[in-house]
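Everything below belongs to my_file-v9.txt, which stores compact mmCIF, C-alpha atoms and all ligand atoms.
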# COMPACT_ATOMS: atom_id res chain seq x y z
CA MET S 1 -11.22 78.44 -53.35
CA GLU S 2 -8.10 80.35 -52.41
CA LEU S 3 -5.86 78.42 -50.03
CA THR S 4 -2.40 79.70 -49.12
CA TYR S 5 -1.16 76.25 -48.23
CA ARG S 6 -2.16 72.92 -49.70
CA PRO S 7 -0.07 70.24 -47.91
CA ARG S 8 -1.46 67.55 -50.20
CA ARG S 9 0.72 68.96 -53.02
CA LEU S 10 3.73 67.24 -51.44
CA ARG S 11 2.01 63.94 -50.75
CA ARG S 12 1.82 62.75 -54.34
CA ASP S 13 3.76 59.74 -55.57
CA ARG S 14 7.37 60.44 -56.66
CA ILE S 15 7.72 63.51 -54.41
CA ARG S 16 6.96 61.76 -51.12
CA GLY S 17 10.48 60.29 -51.01
CA LEU S 18 12.08 63.69 -51.70
CA VAL S 19 10.34 65.35 -48.77
CA SER S 20 10.39 62.47 -46.30
CA GLU S 21 12.16 63.44 -43.07
CA THR S 22 13.08 60.02 -41.73
CA THR S 23 14.51 56.89 -43.27
CA LEU S 24 15.13 53.41 -41.91
CA GLU S 25 18.18 51.43 -42.98
CA PRO S 26 19.14 47.84 -42.14
CA THR S 27 22.34 49.30 -40.65
CA ASP S 28 20.27 51.14 -37.99
CA PHE S 29 19.46 47.83 -36.30
CA ILE S 30 21.05 45.60 -33.69
CA ALA S 31 19.56 42.09 -33.58
CA PRO S 32 19.38 40.37 -30.18
CA VAL S 33 20.70 36.78 -30.21
CA PHE S 34 20.22 34.23 -27.41
CA VAL S 35 22.97 31.66 -26.83
CA ASP S 36 22.06 28.81 -24.51
CA ALA S 37 24.64 26.59 -22.82
CA THR S 38 21.99 24.16 -21.61
CA THR S 39 20.88 22.87 -24.99
CA ASP S 40 22.42 21.20 -28.01
CA GLU S 41 19.63 22.09 -30.35
CA ARG S 42 17.76 25.25 -31.20
CA VAL S 43 14.79 25.95 -28.93
CA PRO S 44 12.03 28.21 -30.28
CA ILE S 45 10.96 31.02 -27.92
CA GLU S 46 7.21 30.72 -27.79
CA SER S 47 6.35 34.29 -26.85
CA MET S 48 8.78 35.72 -29.44
CA PRO S 49 7.80 34.04 -32.72
CA GLY S 50 10.74 33.56 -35.08
CA HIS S 51 13.33 33.74 -32.28
CA GLU S 52 15.26 30.83 -30.78
CA ARG S 53 17.80 30.04 -28.13
CA VAL S 54 20.74 28.54 -29.99
CA PRO S 55 23.47 26.25 -28.66
CA ILE S 56 27.03 27.62 -28.54
CA ASP S 57 27.90 25.42 -31.54
CA GLU S 58 25.32 27.25 -33.63
CA SER S 59 26.10 30.78 -32.51
CA VAL S 60 28.17 31.49 -35.63
CA ASP S 61 25.40 30.18 -37.91
CA ARG S 62 22.84 32.30 -36.09
CA VAL S 63 24.94 35.46 -36.51
CA GLU S 64 25.50 34.62 -40.19
CA GLU S 65 21.70 34.56 -40.64
CA VAL S 66 21.48 38.07 -39.20
CA LEU S 67 24.26 39.30 -41.51
CA GLU S 68 22.55 37.75 -44.51
CA ALA S 69 19.43 39.81 -43.79
CA GLY S 70 21.62 42.93 -44.08
CA VAL S 71 21.92 43.70 -40.36
CA GLU S 72 25.54 44.26 -39.33
CA SER S 73 25.32 44.09 -35.56
CA VAL S 74 24.10 41.69 -32.87
CA MET S 75 23.52 41.93 -29.13
CA LEU S 76 24.39 38.70 -27.32
CA PHE S 77 22.47 37.32 -24.35
CA GLY S 78 23.53 34.12 -22.60
CA ILE S 79 21.79 31.35 -20.72
CA PRO S 80 24.51 29.76 -18.53
CA ARG S 81 24.83 26.06 -17.79
CA SER S 82 24.40 26.75 -14.05
CA LYS S 83 23.49 29.60 -11.69
CA ASP S 84 24.60 30.64 -8.20
CA PRO S 85 23.86 33.55 -5.81
CA GLU S 86 26.76 35.64 -7.19
CA GLY S 87 26.21 34.89 -10.87
CA SER S 88 29.81 33.74 -11.29
CA ARG S 89 29.21 32.05 -14.66
CA ALA S 90 28.82 35.59 -16.07
CA TRP S 91 32.58 36.21 -15.99
CA ALA S 92 33.83 32.62 -16.38
CA ASP S 93 36.46 32.22 -19.05
CA ASP S 94 34.50 29.24 -20.41
CA GLY S 95 31.13 30.96 -19.90
CA VAL S 96 28.45 30.82 -22.57
CA ILE S 97 29.00 34.37 -23.85
CA GLN S 98 32.79 34.08 -23.73
CA GLU S 99 32.72 30.83 -25.75
CA ALA S 100 30.27 32.23 -28.28
CA LEU S 101 32.19 35.51 -28.59
CA ARG S 102 35.48 33.79 -29.44
CA ARG S 103 33.83 31.93 -32.28
CA ILE S 104 31.72 34.80 -33.60
CA SER S 105 34.57 37.30 -33.57
CA ALA S 106 36.95 34.83 -35.25
CA GLU S 107 34.51 33.65 -37.92
CA THR S 108 32.19 36.56 -38.81
CA ASP S 109 32.35 40.29 -39.55
CA ALA S 110 29.47 41.11 -37.22
CA TYR S 111 29.80 44.03 -34.81
CA VAL S 112 29.17 42.26 -31.52
CA VAL S 113 27.65 44.01 -28.53
CA THR S 114 27.21 42.15 -25.23
CA ASP S 115 24.61 42.73 -22.54
CA VAL S 116 26.47 43.07 -19.26
CA CYS S 117 24.16 42.03 -16.44
CA LEU S 118 23.80 39.31 -13.84
CA CYS S 119 20.10 38.46 -13.88
CA GLU S 120 20.49 35.47 -16.22
CA TYR S 121 23.34 34.15 -14.04
CA THR S 122 22.10 34.50 -10.46
CA ASP S 123 19.89 31.74 -9.01
CA HIS S 124 17.55 34.39 -7.52
CA GLY S 125 17.23 36.20 -10.86
CA HIS S 126 18.15 39.68 -9.61
CA CYS S 127 20.71 41.84 -11.40
CA GLY S 128 23.45 41.41 -8.79
CA PRO S 129 24.38 39.73 -5.51
CA LEU S 130 21.94 40.41 -2.66
CA GLU S 131 22.41 42.10 0.68
CA GLU S 132 20.06 42.81 3.53
CA GLY S 133 18.27 46.02 2.64
CA VAL S 134 16.79 48.83 4.66
CA ARG S 135 13.08 49.55 5.11
CA GLY S 136 11.65 50.51 1.73
CA ASP S 137 13.92 48.24 -0.32
CA GLY S 138 10.97 45.89 -0.16
CA GLU S 139 12.25 42.83 -2.04
CA GLY S 140 10.90 40.62 0.79
CA GLY S 141 7.33 41.32 -0.34
CA GLU S 142 5.42 44.56 -0.28
CA ASN S 143 2.13 43.11 0.90
CA VAL S 144 3.41 41.47 4.04
CA HIS S 145 2.54 43.04 7.40
CA ALA S 146 5.46 44.79 9.02
CA HIS S 147 5.65 42.36 11.94
CA ASP S 148 5.92 39.18 9.83
CA ARG S 149 7.87 40.65 6.97
CA GLU S 150 10.64 38.49 5.49
CA PRO S 151 14.11 39.91 5.91
CA THR S 152 14.34 42.57 3.22
CA LEU S 153 16.80 41.69 0.48
CA THR S 154 18.04 43.98 -2.25
CA VAL S 155 20.84 44.10 -4.81
CA ASP S 156 24.18 45.11 -3.32
CA ASN S 157 25.10 48.00 -5.60
CA ASP S 158 28.82 48.23 -4.97
CA ALA S 159 29.46 44.48 -4.93
CA THR S 160 27.63 44.35 -8.26
CA LEU S 161 29.95 46.99 -9.71
CA GLU S 162 32.93 44.71 -9.05
CA ALA S 163 31.16 41.87 -10.84
CA LEU S 164 30.30 44.13 -13.80
CA GLU S 165 33.99 45.09 -14.10
CA ARG S 166 34.99 41.44 -14.34
CA ILE S 167 32.25 40.65 -16.84
CA ALA S 168 33.14 43.61 -19.07
CA VAL S 169 36.82 42.69 -19.13
CA SER S 170 36.06 39.00 -19.81
CA HIS S 171 33.78 39.98 -22.71
CA ALA S 172 36.40 42.31 -24.16
CA GLU S 173 39.07 39.60 -23.86
CA ALA S 174 36.81 37.16 -25.71
CA GLY S 175 36.26 39.64 -28.56
CA ALA S 176 33.28 41.88 -27.75
CA ASP S 177 33.27 45.03 -29.89
CA MET S 178 31.07 46.95 -27.43
CA VAL S 179 29.68 46.30 -23.96
CA ALA S 180 26.26 47.36 -22.71
CA PRO S 181 25.54 47.43 -18.96
CA SER S 182 21.82 46.88 -18.35
CA GLY S 183 21.52 46.49 -14.58
CA MET S 184 20.81 50.12 -13.61
CA MET S 185 23.41 50.08 -10.83
CA ASP S 186 24.67 53.47 -9.68
CA GLY S 187 28.16 54.07 -11.05
CA MET S 188 28.15 51.12 -13.48
CA VAL S 189 29.57 53.04 -16.44
CA ALA S 190 32.49 54.54 -14.49
CA ALA S 191 33.33 51.17 -12.97
CA MET S 192 33.37 49.39 -16.32
CA ARG S 193 35.22 52.22 -18.10
CA GLY S 194 37.93 52.13 -15.44
CA ALA S 195 38.32 48.35 -15.61
CA LEU S 196 38.40 48.26 -19.42
CA ASP S 197 40.99 51.05 -19.55
CA ARG S 198 43.22 49.38 -16.93
CA GLU S 199 43.21 46.14 -18.94
CA GLY S 200 44.05 47.78 -22.26
CA PHE S 201 40.53 47.91 -23.73
CA GLU S 202 40.23 51.68 -23.98
CA HIS S 203 39.01 51.22 -27.58
CA VAL S 204 35.90 49.28 -26.48
CA PRO S 205 32.87 51.61 -26.29
CA ILE S 206 30.15 51.43 -23.65
CA MET S 207 26.51 51.64 -24.64
CA SER S 208 24.73 52.32 -21.38
CA TYR S 209 21.16 51.27 -20.75
CA ALA S 210 21.02 54.78 -19.31
CA ALA S 211 17.28 55.22 -18.84
CA LYS S 212 15.92 51.74 -18.32
CA TYR S 213 12.44 51.54 -16.86
CA GLU S 214 10.93 48.89 -14.61
CA SER S 215 8.64 47.70 -17.36
CA ALA S 216 6.09 44.93 -17.72
CA PHE S 217 7.04 44.82 -21.41
CA TYR S 218 10.12 42.67 -20.57
CA GLY S 219 7.92 39.61 -19.87
CA PRO S 220 8.68 37.54 -22.98
CA PHE S 221 12.43 38.26 -22.68
CA ARG S 222 12.48 36.96 -19.14
CA ASP S 223 10.99 33.67 -20.38
CA ALA S 224 13.48 33.60 -23.23
CA ALA S 225 16.55 34.30 -21.13
CA ASP S 226 15.28 32.59 -18.00
CA GLY S 227 15.97 35.79 -16.07
CA ALA S 228 12.80 36.55 -14.13
CA PRO S 229 13.40 37.53 -10.49
CA ALA S 230 12.52 34.62 -8.17
CA PHE S 231 10.92 37.06 -5.70
CA GLY S 232 10.00 40.72 -5.65
CA ASN S 233 10.60 42.91 -8.70
CA ARG S 234 13.23 45.28 -10.07
CA ARG S 235 11.66 48.54 -9.03
CA HIS S 236 14.41 49.31 -6.53
CA TYR S 237 16.96 49.63 -9.28
CA GLN S 238 15.14 50.15 -12.57
CA MET S 239 13.37 53.46 -13.15
CA ASP S 240 9.82 54.34 -12.23
CA PRO S 241 7.70 54.63 -15.43
CA ALA S 242 6.23 57.81 -13.96
CA ASN S 243 9.50 59.74 -14.23
CA ALA S 244 10.85 61.72 -17.18
CA ARG S 245 13.01 64.37 -15.51
CA GLU S 246 14.79 61.66 -13.59
CA ALA S 247 15.75 60.08 -16.91
CA MET S 248 17.69 63.24 -17.76
CA ARG S 249 19.64 62.95 -14.49
CA GLU S 250 20.34 59.26 -15.11
CA VAL S 251 21.54 59.94 -18.63
CA ARG S 252 23.67 62.93 -17.59
CA HIS S 253 25.27 60.82 -14.89
CA ASP S 254 26.21 58.16 -17.48
CA VAL S 255 27.60 60.79 -19.86
CA GLU S 256 29.81 62.12 -17.05
CA GLN S 257 31.06 58.60 -16.41
CA GLY S 258 32.08 58.13 -20.03
CA ALA S 259 29.16 56.41 -21.77
CA ASP S 260 29.59 56.44 -25.57
CA VAL S 261 26.02 55.58 -26.57
CA LEU S 262 22.91 56.38 -24.52
CA MET S 263 20.04 53.92 -24.52
CA VAL S 264 16.40 54.36 -23.60
CA LYS S 265 14.41 51.21 -22.88
CA PRO S 266 11.63 50.24 -23.67
CA ALA S 267 11.08 52.26 -26.85
CA LEU S 268 7.45 52.78 -27.91
CA PRO S 269 5.93 53.61 -24.50
CA TYR S 270 8.91 55.95 -23.84
CA LEU S 271 9.25 57.92 -27.08
CA ASP S 272 9.01 61.14 -25.07
CA ILE S 273 12.20 60.09 -23.29
CA VAL S 274 13.94 59.16 -26.56
CA SER S 275 13.06 62.55 -27.94
CA ALA S 276 14.17 64.43 -24.81
CA VAL S 277 17.52 62.60 -24.69
CA ARG S 278 18.01 63.41 -28.40
CA ARG S 279 17.44 67.12 -27.67
CA GLU S 280 19.51 67.37 -24.48
CA PHE S 281 22.60 65.38 -25.48
CA ASP S 282 24.73 65.09 -28.58
CA HIS S 283 25.78 61.45 -28.09
CA PRO S 284 24.30 58.72 -30.28
CA VAL S 285 20.94 57.64 -28.89
CA ALA S 286 19.80 54.01 -28.92
CA ALA S 287 16.31 52.72 -28.21
CA TYR S 288 15.43 49.15 -27.27
CA ASN S 289 12.21 47.98 -28.89
CA VAL S 290 11.71 45.27 -26.28
CA SER S 291 10.29 41.76 -26.27
CA GLY S 292 6.77 42.82 -25.21
CA GLU S 293 6.59 45.39 -28.00
CA TYR S 294 7.46 42.60 -30.43
CA ALA S 295 5.14 40.03 -28.88
CA MET S 296 2.04 42.24 -28.89
CA LEU S 297 2.29 43.02 -32.61
CA HIS S 298 2.82 39.33 -33.39
CA ALA S 299 -0.15 38.33 -31.25
CA ALA S 300 -2.45 40.83 -32.95
CA ALA S 301 -1.18 39.83 -36.40
CA GLU S 302 -1.77 36.16 -35.61
CA LYS S 303 -5.41 37.00 -34.92
CA GLY S 304 -5.56 38.80 -38.24
CA TRP S 305 -6.10 42.16 -36.54
CA LEU S 306 -2.96 43.93 -37.71
CA ASP S 307 -0.67 43.74 -40.73
CA LEU S 308 2.60 42.64 -39.13
CA GLU S 309 5.04 44.01 -41.69
CA ALA S 310 3.29 47.39 -41.80
CA VAL S 311 3.05 47.87 -38.04
CA ALA S 312 6.64 46.72 -37.50
CA LEU S 313 7.92 49.23 -40.05
CA GLU S 314 5.74 52.02 -38.65
CA SER S 315 6.91 51.27 -35.09
CA LEU S 316 10.59 51.37 -36.02
CA LEU S 317 10.10 54.50 -38.10
CA SER S 318 8.44 56.24 -35.15
CA ILE S 319 11.37 55.31 -32.89
CA LYS S 320 13.78 56.75 -35.44
CA ARG S 321 11.62 59.87 -35.87
CA ALA S 322 11.60 60.39 -32.10
CA GLY S 323 15.38 60.67 -32.28
CA ALA S 324 16.99 57.24 -32.02
CA ASP S 325 20.09 56.72 -34.15
CA LEU S 326 20.13 52.98 -33.59
CA ILE S 327 17.44 50.51 -32.60
CA LEU S 328 17.72 47.19 -30.82
CA THR S 329 14.85 45.15 -32.15
CA TYR S 330 13.64 41.57 -32.60
CA PHE S 331 12.21 42.77 -35.94
CA ALA S 332 15.73 43.55 -37.22
CA GLU S 333 16.04 40.70 -39.70
CA ASP S 334 12.48 40.79 -41.04
CA VAL S 335 12.41 44.55 -41.47
CA ALA S 336 15.92 44.63 -42.96
CA ARG S 337 14.78 42.08 -45.54
CA SER S 338 11.69 44.09 -46.41
CA LEU S 339 13.87 47.20 -46.76
CA GLY S 340 15.92 45.25 -49.27
CA GLY S 341 19.02 44.80 -47.17
CA ALA S 342 19.51 41.07 -47.78
CA ARG S 343 22.88 40.23 -49.31
C1 LIG V 401 18.86 42.17 -18.48
C2 LIG V 401 17.99 42.60 -19.59
C3 LIG V 401 16.58 42.55 -19.69
C4 LIG V 401 16.28 42.97 -20.98
C5 LIG V 401 17.47 43.26 -21.62
N1 LIG V 401 18.50 43.04 -20.74
C6 LIG V 401 15.56 42.07 -18.72
C7 LIG V 401 15.22 42.87 -17.54
O1 LIG V 401 15.79 43.91 -17.24
O2 LIG V 401 14.36 42.39 -16.82
C8 LIG V 401 14.90 43.04 -21.58
C9 LIG V 401 14.85 42.99 -23.08
C10 LIG V 401 13.52 42.74 -23.65
O3 LIG V 401 12.46 42.69 -23.01
O4 LIG V 401 13.49 42.59 -24.88
N2 LIG V 401 18.86 42.99 -17.37
Represent the structure of the file as structure tokens.
Ligand code: PBG
Amino acid sequence: MELTYRPRRLRRDRIRGLVSETTLEPTDFIAPVFVDATTDERVPIESMPGHERVPIDESVDRVEEVLEAGVESVMLFGIPRSKDPEGSRAWADDGVIQEALRRISAETDAYVVTDVCLCEYTDHGHCGPLEEGVRGDGEGGENVHAHDREPTLTVDNDATLEALERIAVSHAEAGADMVAPSGMMDGMVAAMRGALDREGFEHVPIMSYAAKYESAFYGPFRDAADGAPAFGNRRHYQMDPANAREAMREVRHDVEQGADVLMVKPALPYLDIVSAVRREFDHPVAAYNVSGEYAMLHAAAEKGWLDLEAVALESLLSIKRAGADLILTYFAEDVARSLGGAR
């Protein structure tokens, strides 16, 4: 049989590594870490097996665990001791993230990224202070008849920008290496860049959650961080899952405002977006392999239906292959260890 091409020739042992196009390294990962000001012991997160909310006193130990697995970077999320309509604990000097940051940056070598958003800090769970909206903002409840509709509330974009500026500066003062706005407010990157530069933090990069979709895959995270909206949903600020071209406009807008790293979130259901951002832009591209992507593999593995280590590795490899340079993932430590990154 005369065949001009026999692809199987390059699939034999010993040559597979030489011709492989994509590799995963422990240094590709950022591990999310939850610091909780309301507890003095570690609290397991049920829907995210292996993850915990840790008290401020244990934040350094938690980050050390990540470093020991071979992962060099963490993303900090905070659960504040109290909430209010403005989310003012988000920029408090003695806030949960600020306290944890001071310790982590003084005592570890980790590269520390902070999530800059208000949804864990507001008592209504939205990503900024609210204002009365216009018809179509819909946070009062979509299914209500027009005549008995609640007053429509929505996030006040420009008031939120001012809060994001304060949060970014307070994180930088406390030792954040990088800040990552995740609220999908218009103009958030420019606002934060301006504030950081004015305060002498021009060296602090911004990783923008540039194309962040209104996704049902955030469910377990919202339990973990206690950040579910008390009413309505986030579809008036996060992106519609139906839209890909709009993601290019969102990302371009963030590039123009000075974003250093461009993130797509979630990862697996949006690999087309990761790949398009990779092609269109030359900035580093990040992808957030979110809580629901983690939870569903764990749930299936618990039933004995999937091999957890194999599907985790394959998922992360596919995100890298689609074009991500760095990956935020709850699998960071486990996969780093299986890649042999532990020190
Ligand atoms: C805060 C934020 C969320 C996530 C990261 N930052 C929740 C949300 O937007 O509702 C989700 C992360 C995950 O699901 O792993 N805005």
Query - Contacts with ligand LIG 401 (chain V) at most 8 Å, only C-alpha atoms and all ligand atoms counted, listed as a PyMOL selection string - result: chain S and resi 77+115-120+127+182-183+212+214-215+217-222+227-228+234+238+266+288-292+329-330
May I have the selected residues written with C-alpha atoms, as a short mmCIF file (atom, residue, chain, number, x, y, z; two decimals), in the frame of the given file?
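In the end it all went to selection.cif:
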data_model
loop_
_atom_site.label_atom_id
_atom_site.label_comp_id
_atom_site.auth_asym_id
_atom_site.auth_seq_id
_atom_site.Cartn_x
_atom_site.Cartn_y
_atom_site.Cartn_z
CA PHE S 77 22.47 37.32 -24.35
CA ASP S 115 24.61 42.73 -22.54
CA VAL S 116 26.47 43.07 -19.26
CA CYS S 117 24.16 42.03 -16.44
CA LEU S 118 23.80 39.31 -13.84
CA CYS S 119 20.10 38.46 -13.88
CA GLU S 120 20.49 35.47 -16.22
CA CYS S 127 20.71 41.84 -11.40
CA SER S 182 21.82 46.88 -18.35
CA GLY S 183 21.52 46.49 -14.58
CA LYS S 212 15.92 51.74 -18.32
CA GLU S 214 10.93 48.89 -14.61
CA SER S 215 8.64 47.70 -17.36
CA PHE S 217 7.04 44.82 -21.41
CA TYR S 218 10.12 42.67 -20.57
CA GLY S 219 7.92 39.61 -19.87
CA PRO S 220 8.68 37.54 -22.98
CA PHE S 221 12.43 38.26 -22.68
CA ARG S 222 12.48 36.96 -19.14
CA GLY S 227 15.97 35.79 -16.07
CA ALA S 228 12.80 36.55 -14.13
CA ARG S 234 13.23 45.28 -10.07
CA GLN S 238 15.14 50.15 -12.57
CA PRO S 266 11.63 50.24 -23.67
CA TYR S 288 15.43 49.15 -27.27
CA ASN S 289 12.21 47.98 -28.89
CA VAL S 290 11.71 45.27 -26.28
CA SER S 291 10.29 41.76 -26.27
CA GLY S 292 6.77 42.82 -25.21
CA THR S 329 14.85 45.15 -32.15
CA TYR S 330 13.64 41.57 -32.60
#
Requested in this report: Choose the residue, out of S:Gly304, S:Gly340, S:Gly175, S:Pro205, that has the smallest atom-to-atom separation from S:Thr108; count all atoms listed in the file.
Outcome: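 For S:Thr108, the nearest of the given residues is S:Gly175.
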Report task. Determine, counting only C-alpha atoms, which protein, DNA and RNA residues have an atom within 12 Å of an atom of S:Asp226; residues of the same chain fewer than 6 positions away are not included. Present the result as a list in words. Result ->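 Final neighbour list, sorted by chain and number: Phe34, Val35, Asp36, Thr38, Ile45, Arg53, Phe77, Gly78, Ile79, Pro80, Arg81, Ser82, Lys83, Leu118, Cys119, Glu120, Tyr121, Thr122, Asp123, His124, Gly125, His126, Tyr218, Gly219 and Pro220 of chain S.
Counting only C-alpha atoms, S:Pro44 has the following residues at most 10 Å away, ignoring those fewer than 6 positions along the same chain: Gly50, His51, Glu52, Arg53, Val54 and Ala224 of chain S.
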Please build the interface table for stretch 192-291 of chain S against stretch 314-317 of chain S with a cut-off of 10 Å, listing for each qualifying residue the nearest atom pair and the distance in Å to one decimal; count all atoms listed in the file, order rows by chain and increasing number, and write it as JSON lines.
{"residue": "S:Ala267", "atom": "CA", "partner": "S:Leu316", "partner_atom": "CA", "distance": 9.2}
{"residue": "S:Leu268", "atom": "CA", "partner": "S:Ser315", "partner_atom": "CA", "distance": 7.4}
{"residue": "S:Ala287", "atom": "CA", "partner": "S:Leu316", "partner_atom": "CA", "distance": 9.8}
{"residue": "S:Asn289", "atom": "CA", "partner": "S:Leu316", "partner_atom": "CA", "distance": 8.1}
Requested in this report: Name the residues in contact with S:Asp61 at a cut-off of 10 Å, using all atoms listed in the file, excluding same-chain residues fewer than 5 positions from it; report them as JSON, numbers by chain.
Outcome: {"S": [54, 56, 66, 67, 104, 107, 108]}
Query - S:Ala110, S:Met239, S:Val155, S:Leu24 ranked by distance to S:Leu326, top pick (using only C-alpha atoms) - result: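 For S:Leu326, the nearest of the given residues is S:Leu24.
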Show me, as a PDB file with C-alpha atoms, in the frame of the given file, the residues that have an atom within 9 Å of S:Glu250 when counting all atoms listed in the file, minus same-chain residues fewer than 5 positions from it.
ATOM      1  CA  ALA S 210      21.020  54.780 -19.310  1.00  0.00           C
ATOM      2  CA  ALA S 211      17.280  55.220 -18.840  1.00  0.00           C
ATOM      3  CA  ARG S 245      13.010  64.370 -15.510  1.00  0.00           C
ATOM      4  CA  VAL S 255      27.600  60.790 -19.860  1.00  0.00           C
TER       5      VAL S 255
END
To test the calculation: enclose all listed atoms of stretch 107-114 of chain S in a box whose edges run along x, y and z, add 6 Å on each side, then state centre and edge lengths in Å to one decimal, as lines of an AutoDock Vina configuration file.
center_x = 30.9
center_y = 38.8
center_z = -32.4
size_x = 19.3
size_y = 22.4
size_z = 26.3
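What separates atom CA of S:Tyr209 from atom CA of S:Val261 is a distance of 8.7 Å.
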Query raised in the report: So which one's closest to S:Met75, S:Glu293, S:Asp177, S:Asp13, S:Asp93? Using all atoms listed in the file, please.
Result: S:Asp177
Report task. Find the residues near S:Glu165: any atom within 8 Å, counting all atoms listed in the file, skip ones fewer than 6 places away on the same chain, and give them as an MDAnalysis selection string. Result -> chainID S and resid 191:192 195:196
Is there a way to complete stretch 183-198 of chain S with N, CA, C and O atoms and then write that out as a short mmCIF file (atom, residue, chain, number, x, y, z; two decimals), in the frame of the given file?
data_model
loop_
_atom_site.label_atom_id
_atom_site.label_comp_id
_atom_site.auth_asym_id
_atom_site.auth_seq_id
_atom_site.Cartn_x
_atom_site.Cartn_y
_atom_site.Cartn_z
N GLY S 183 22.04 46.78 -15.92
CA GLY S 183 21.52 46.49 -14.58
C GLY S 183 21.05 47.69 -13.78
O GLY S 183 20.51 47.54 -12.69
N MET S 184 21.23 48.91 -14.32
CA MET S 184 20.81 50.12 -13.61
C MET S 184 21.44 50.25 -12.22
O MET S 184 20.80 50.75 -11.28
N MET S 185 22.70 49.83 -12.09
CA MET S 185 23.41 50.08 -10.83
C MET S 185 24.02 51.47 -10.87
O MET S 185 24.51 51.92 -11.93
N ASP S 186 24.05 52.14 -9.74
CA ASP S 186 24.67 53.47 -9.68
C ASP S 186 26.17 53.32 -9.90
O ASP S 186 26.82 52.50 -9.23
N GLY S 187 26.71 54.09 -10.82
CA GLY S 187 28.16 54.07 -11.05
C GLY S 187 28.65 52.98 -11.99
O GLY S 187 29.85 52.77 -12.14
N MET S 188 27.72 52.28 -12.67
CA MET S 188 28.15 51.12 -13.48
C MET S 188 29.04 51.52 -14.66
O MET S 188 29.97 50.80 -15.00
N VAL S 189 28.77 52.67 -15.27
CA VAL S 189 29.57 53.04 -16.44
C VAL S 189 31.00 53.38 -16.02
O VAL S 189 31.97 52.91 -16.63
N ALA S 190 31.14 54.18 -14.96
CA ALA S 190 32.49 54.54 -14.49
C ALA S 190 33.29 53.31 -14.10
O ALA S 190 34.48 53.19 -14.43
N ALA S 191 32.63 52.38 -13.41
CA ALA S 191 33.33 51.17 -12.97
C ALA S 191 33.84 50.38 -14.18
O ALA S 191 35.01 49.99 -14.24
N MET S 192 32.98 50.19 -15.15
CA MET S 192 33.37 49.39 -16.32
C MET S 192 34.40 50.11 -17.17
O MET S 192 35.35 49.50 -17.67
N ARG S 193 34.24 51.45 -17.31
CA ARG S 193 35.22 52.22 -18.10
C ARG S 193 36.61 52.09 -17.48
O ARG S 193 37.62 51.86 -18.16
N GLY S 194 36.66 52.22 -16.15
CA GLY S 194 37.93 52.13 -15.44
C GLY S 194 38.57 50.77 -15.64
O GLY S 194 39.76 50.66 -15.95
N ALA S 195 37.77 49.71 -15.49
CA ALA S 195 38.32 48.35 -15.61
C ALA S 195 38.80 48.09 -17.04
O ALA S 195 39.88 47.54 -17.25
N LEU S 196 38.00 48.49 -18.02
CA LEU S 196 38.40 48.26 -19.42
C LEU S 196 39.69 49.01 -19.73
O LEU S 196 40.60 48.47 -20.37
N ASP S 197 39.79 50.24 -19.27
CA ASP S 197 40.99 51.05 -19.55
C ASP S 197 42.23 50.44 -18.89
O ASP S 197 43.28 50.35 -19.51
N ARG S 198 42.08 50.01 -17.63
CA ARG S 198 43.22 49.38 -16.93
C ARG S 198 43.72 48.14 -17.65
O ARG S 198 44.90 47.85 -17.64
#
